[in-house]
Amino acid sequence: METMVSAADVQRAASLLKGHVIRTPLVYSPAFSKLSGFEVYLKLENLQVTGSFKIRGATCKILGEFDRIGGRGVVAASAGNHAQGVALAAKRAGLASTIIMPEWASISKQEATRGYGGKLILEGQSISDSISRALELAKEGMVFIHPYDDPAIIAGQGTIGLEIMEDLPDADVIAVPVGGGGLIAGICLGAHAATPRVHITGVQADTCPSALKALEAGQRTQVEALASIADGITVKQIGAIPFEIMQKEVDRIVLVSEDRIAEAVITLLESKKVLAEGAGAVSAAALLTGQIEAPPGAKVVLVVSGGNIDISLLDRVIRKGLSWNGRIMRFGVKLDDEPGALARLLTIVAQAGANVLQIYHYRGGADLHVRQSRVELEIEMRNFAHIRELETVLGEAGYTLEPGAGGAESLVV
């Protein structure tokens, strides 16, 4: 079967988008290069207008079909980046846009979508519910813009692949986040048109492995999806057009865990001052877990697809990431409830070079003697080796460390 979108379509999309979207930078990362043994570059789509790559496909669709759309306006369904991309692309083209978002969509993304000119309707408890409502409006006359299963959308996203190969013609591997598949399908077409030898690795959160399961089964498969900090790529079934392209063009799909995604968000922030959302950081997570297959010194490009992360979620992701790489330790100890007991404990912690972030002091409880109190400390550490050093020192001083009440942030190893 002939593919509905081709490399020539990506080339036409590049001409159409010139002057309408940012040509995002491809920057070398010394930190990721040192960690991996590769020569690592970051394609920073988080710097794109609206904070993600989605503006490319939306603009390509709207400008390319402007005459067909006419005065009918466009409608889309999304909980985030696609919503903002369609709203802004439509506003720039002088068209009305209606965006259906599920009722649980974050307030910040709702306000961003309104700010870009979209008429917002909150409806449904899932993206599927929102899409159903959008399709109803399309029957009434508006033009529906699919987030990934559309030739024009795929061609627009494919311009990223063209830019990568123009800036780094001898790239060996491109690692791409995968949700519905529109991004990786487009990048495959754009990159392989320039250099057929470049390897394309797709990366998914292990909470929703829809692309991996589809390629393994040889057909599109719907999977169960668990909650993920990479919510932007939590798509239960990849698109039909992307699947056809991926079968021919993608070398492999790898999965990354929630902990490693959080670690990747932290590493991008600290090493390159790059703010990535969970979905935008999965390629970096694949690198950190050693899942990028290439010879030492190979040139590897990590696509950072977006940076739209809620501040409240960012705080939780940072804490999770710091815990995962040994930067936060939380533990409890029982102290004699007498003057100076806490000061002696804190002195040992300070002398070990650790920084106290929080102190939680409890009196009472079935496991405490009437003359005891329980203190929990949350401490900033350098790494796991530093944690073990502190544990040793505290043990030698007679303290028995107990797990803290911090859940994923409790680190006593």
# chains A, B, ... in the order shown; residues from 1 in each chain; ligands from 1
>>> closest_atom_pairs(of="segment 261-347 of chain A", to="segment 230-245 of chain A", cutoff="12 Å", atoms="only C-alpha atoms", output="Markdown table")
| residue | atom | partner | partner_atom | distance |
| --- | --- | --- | --- | --- |
| A:Ile261 | CA | A:Ala230 | CA | 7.8 |
| A:Ala262 | CA | A:Ala230 | CA | 9.3 |
| A:Ala264 | CA | A:Ala230 | CA | 11.5 |
| A:Val265 | CA | A:Ala230 | CA | 10.6 |
| A:Ala276 | CA | A:Ala230 | CA | 10.3 |
| A:Glu277 | CA | A:Ala230 | CA | 7.1 |
| A:Gly278 | CA | A:Ala230 | CA | 4.1 |
| A:Ala279 | CA | A:Ala230 | CA | 4.1 |
| A:Gly280 | CA | A:Ala230 | CA | 7.7 |
| A:Ala281 | CA | A:Ala230 | CA | 8.2 |
| A:Val282 | CA | A:Ala230 | CA | 7.7 |
| A:Ser283 | CA | A:Ala230 | CA | 11.3 |
| A:Ala285 | CA | A:Ala230 | CA | 11.3 |
| A:Ser305 | CA | A:Gly232 | CA | 9.8 |
| A:Gly306 | CA | A:Gly232 | CA | 9.0 |
| A:Gly307 | CA | A:Gly232 | CA | 10.6 |
| A:Asn308 | CA | A:Gly232 | CA | 9.5 |
| A:Ile309 | CA | A:Ala230 | CA | 9.6 |
| A:Asp310 | CA | A:Asp231 | CA | 11.5 |
| A:Leu313 | CA | A:Ala230 | CA | 10.9 |
| A:Leu314 | CA | A:Ala230 | CA | 11.6 |
| A:Val317 | CA | A:Ala230 | CA | 10.6 |
>>> residues_around(residues="Leu322 of chain A", least_positions_apart="3", cutoff="9 Å", atoms="only C-alpha atoms", output="list in words")
Ala262, Glu263, Ile266, Val317, Ile318, Arg319, Asn325, Gly326, Arg327, Ile328, Glu380 and Glu409 of chain A
>>> residues_around(residues="segment 356-367 of chain A", least_positions_apart="4", cutoff="8 Å", atoms="only C-alpha atoms", output="ChimeraX atom specification")
/A:349,372-380
>>> select_by_dssp(residues="segment 276-324 of chain A", states="helix (DSSP H, G or I)", output="compact mmCIF listing (two decimals) with C-alpha atoms, in the first residue's frame")
# COMPACT_ATOMS: atom_id res chain seq x y z
CA ALA A 279 7.02 13.50 27.34
CA GLY A 280 9.77 15.79 26.08
CA ALA A 281 12.40 14.16 28.30
CA VAL A 282 11.87 10.49 27.42
CA SER A 283 14.61 10.48 24.78
CA ALA A 284 17.07 11.70 27.40
CA ALA A 285 15.77 8.99 29.74
CA ALA A 286 16.52 6.35 27.10
CA LEU A 287 20.08 7.63 26.86
CA LEU A 288 20.53 7.59 30.64
CA ILE A 311 4.61 24.11 38.00
CA SER A 312 2.92 21.89 40.60
CA LEU A 313 3.86 18.76 38.62
CA LEU A 314 7.37 20.08 38.07
CA ASP A 315 7.86 20.32 41.84
CA ARG A 316 6.85 16.66 42.26
CA VAL A 317 8.97 15.56 39.31
CA ILE A 318 12.02 17.39 40.67
CA ARG A 319 11.63 15.74 44.05
CA LYS A 320 11.18 12.33 42.47
CA GLY A 321 14.18 12.86 40.23
CA LEU A 322 16.38 14.01 43.10
CA SER A 323 15.36 10.98 45.12
CA TRP A 324 16.08 8.63 42.25
>>> closest_residue(among="A:Glu402, A:Glu166, A:Asp67, A:Asp251", to="Thr195 of chain A", atoms="only C-alpha atoms")
A:Glu166
>>> residues_around(residues="Ala79 of chain A", least_positions_apart="2", cutoff="7 Å", atoms="only C-alpha atoms", output="list in words")
Ala83, Met101, Pro102 and Ala105 of chain A
>>> closest_residue(among="A:Phe144, A:Tyr399, A:Trp104, A:Phe331", to="Arg344 of chain A", atoms="only C-alpha atoms")
A:Tyr399
>>> residues_around(residues="segment 151-159 of chain A", least_positions_apart="4", cutoff="7 Å", atoms="only C-alpha atoms", output="PyMOL selection string")
chain A and resi 4-5+9-10+13-14+53+56-58+60-61+163+182-183+185-187+189-190
>>> write_last_selection(atoms="C-alpha atoms", output="PDB file, in the first residue's frame")
ATOM      1  CA  MET A   4      -0.368   8.682   2.253  1.00  0.00           C
ATOM      2  CA  VAL A   5       2.492  11.052   3.102  1.00  0.00           C
ATOM      3  CA  ASP A   9       5.356  16.310   1.384  1.00  0.00           C
ATOM      4  CA  VAL A  10       7.793  17.071   4.197  1.00  0.00           C
ATOM      5  CA  ALA A  13       5.827  21.556   4.447  1.00  0.00           C
ATOM      6  CA  ALA A  14       9.245  23.094   5.129  1.00  0.00           C
ATOM      7  CA  PHE A  53       6.563  20.819  18.223  1.00  0.00           C
ATOM      8  CA  ARG A  56       4.459  22.761  13.131  1.00  0.00           C
ATOM      9  CA  GLY A  57       1.805  20.244  12.172  1.00  0.00           C
ATOM     10  CA  ALA A  58      -1.100  22.526  13.056  1.00  0.00           C
ATOM     11  CA  CYS A  60       1.035  23.048   8.047  1.00  0.00           C
ATOM     12  CA  LYS A  61      -2.542  21.739   8.107  1.00  0.00           C
ATOM     13  CA  GLU A 163      16.430  20.537  10.203  1.00  0.00           C
ATOM     14  CA  GLY A 182       2.887  11.573  14.137  1.00  0.00           C
ATOM     15  CA  LEU A 183       6.179  13.053  15.316  1.00  0.00           C
ATOM     16  CA  ALA A 185       6.671   9.184  11.435  1.00  0.00           C
ATOM     17  CA  GLY A 186       7.398  12.669  10.130  1.00  0.00           C
ATOM     18  CA  ILE A 187      10.969  12.707  11.427  1.00  0.00           C
ATOM     19  CA  LEU A 189      10.495  10.712   6.386  1.00  0.00           C
ATOM     20  CA  GLY A 190      12.426  13.963   6.738  1.00  0.00           C
TER      21      GLY A 190
END
>>> residues_around(residues="Ser97 of chain A", least_positions_apart="5", cutoff="9 Å", atoms="only C-alpha atoms", output="VMD selection string")
chain A and resid 73 to 76 86 to 88 90 to 91 117 to 120 142
>>> closest_residue(among="A:Leu275, A:Ala298, A:Ala96, A:Val304", to="Ala175 of chain A", atoms="only C-alpha atoms")
A:Val304
>>> atom_distance(atom1="atom CA of Ser126 of chain A", atom2="atom CA of Ala227 of chain A")
12.5 Å
>>> residues_around(residues="Ala205 of chain A", least_positions_apart="5", cutoff="7 Å", atoms="only C-alpha atoms", output="PDB file with C-alpha atoms, in the first residue's frame")
ATOM      1  CA  ALA A 230       4.820  11.790  30.356  1.00  0.00           C
ATOM      2  CA  LEU A 255      10.556   1.910  27.055  1.00  0.00           C
ATOM      3  CA  VAL A 256      11.527   4.073  30.022  1.00  0.00           C
ATOM      4  CA  SER A 257      10.191   4.092  33.580  1.00  0.00           C
TER       5      SER A 257
END
>>> closest_residue(among="A:Ile253, A:Gln222, A:Lys139, A:Val173", to="Gln204 of chain A", atoms="only C-alpha atoms")
A:Ile253
>>> closest_residue(among="A:Glu216, A:Glu45, A:Glu39, A:Asp172", to="Ile22 of chain A", atoms="only C-alpha atoms")
A:Glu45
>>> closest_residue(among="A:Ile164, A:Leu26, A:Leu394, A:Val370", to="Leu346 of chain A", atoms="only C-alpha atoms")
A:Leu394
>>> select_by_dssp(residues="segment 229-264 of chain A", states="strand (DSSP E or B)", output="list in words")
Arg252, Ile253, Val254, Leu255 and Val256 of chain A
>>> decode(residues="segment 126-175 of chain A", atoms="C-alpha atoms", output="tab-separated table (two decimals), in the first residue's frame")
chain	number	residue	atom	x	y	z
A	126	SER	CA	-11.12	11.25	28.53
A	127	ILE	CA	-9.49	12.41	25.31
A	128	SER	CA	-11.75	9.94	23.50
A	129	ASP	CA	-14.81	11.75	24.89
A	130	SER	CA	-13.37	15.08	23.77
A	131	ILE	CA	-12.61	13.75	20.28
A	132	SER	CA	-16.18	12.47	19.98
A	133	ARG	CA	-17.49	15.95	20.74
A	134	ALA	CA	-15.04	17.50	18.27
A	135	LEU	CA	-16.19	15.12	15.54
A	136	GLU	CA	-19.79	16.13	16.21
A	137	LEU	CA	-18.86	19.76	15.65
A	138	ALA	CA	-17.00	18.77	12.48
A	139	LYS	CA	-20.24	17.29	11.15
A	140	GLU	CA	-21.81	20.70	11.67
A	141	GLY	CA	-19.24	22.29	9.37
A	142	MET	CA	-15.97	22.88	11.21
A	143	VAL	CA	-12.78	21.18	9.99
A	144	PHE	CA	-11.41	18.64	12.46
A	145	ILE	CA	-7.64	18.68	12.99
A	146	HIS	CA	-6.39	15.33	14.23
A	147	PRO	CA	-3.37	15.45	16.59
A	148	TYR	CA	-1.31	12.80	14.75
A	149	ASP	CA	-3.23	10.66	12.21
A	150	ASP	CA	-3.23	13.15	9.35
A	151	PRO	CA	-0.81	13.51	6.38
A	152	ALA	CA	-0.44	17.29	6.76
A	153	ILE	CA	0.23	17.01	10.49
A	154	ILE	CA	2.87	14.34	9.90
A	155	ALA	CA	4.51	16.37	7.13
A	156	GLY	CA	4.70	19.42	9.40
A	157	GLN	CA	6.30	17.46	12.22
A	158	GLY	CA	8.71	15.95	9.69
A	159	THR	CA	10.39	19.31	9.18
A	160	ILE	CA	12.19	18.60	12.46
A	161	GLY	CA	13.95	15.69	10.74
A	162	LEU	CA	14.98	17.93	7.84
A	163	GLU	CA	16.43	20.54	10.20
A	164	ILE	CA	18.36	17.94	12.19
A	165	MET	CA	20.02	16.51	9.08
A	166	GLU	CA	20.80	19.97	7.69
A	167	ASP	CA	22.51	20.95	10.94
A	168	LEU	CA	24.17	17.57	11.57
A	169	PRO	CA	24.44	15.66	8.25
A	170	ASP	CA	26.44	12.81	9.80
A	171	ALA	CA	24.02	12.09	12.66
A	172	ASP	CA	23.98	8.38	13.49
A	173	VAL	CA	20.89	8.08	15.72
A	174	ILE	CA	17.83	10.22	16.36
A	175	ALA	CA	15.81	9.36	19.50
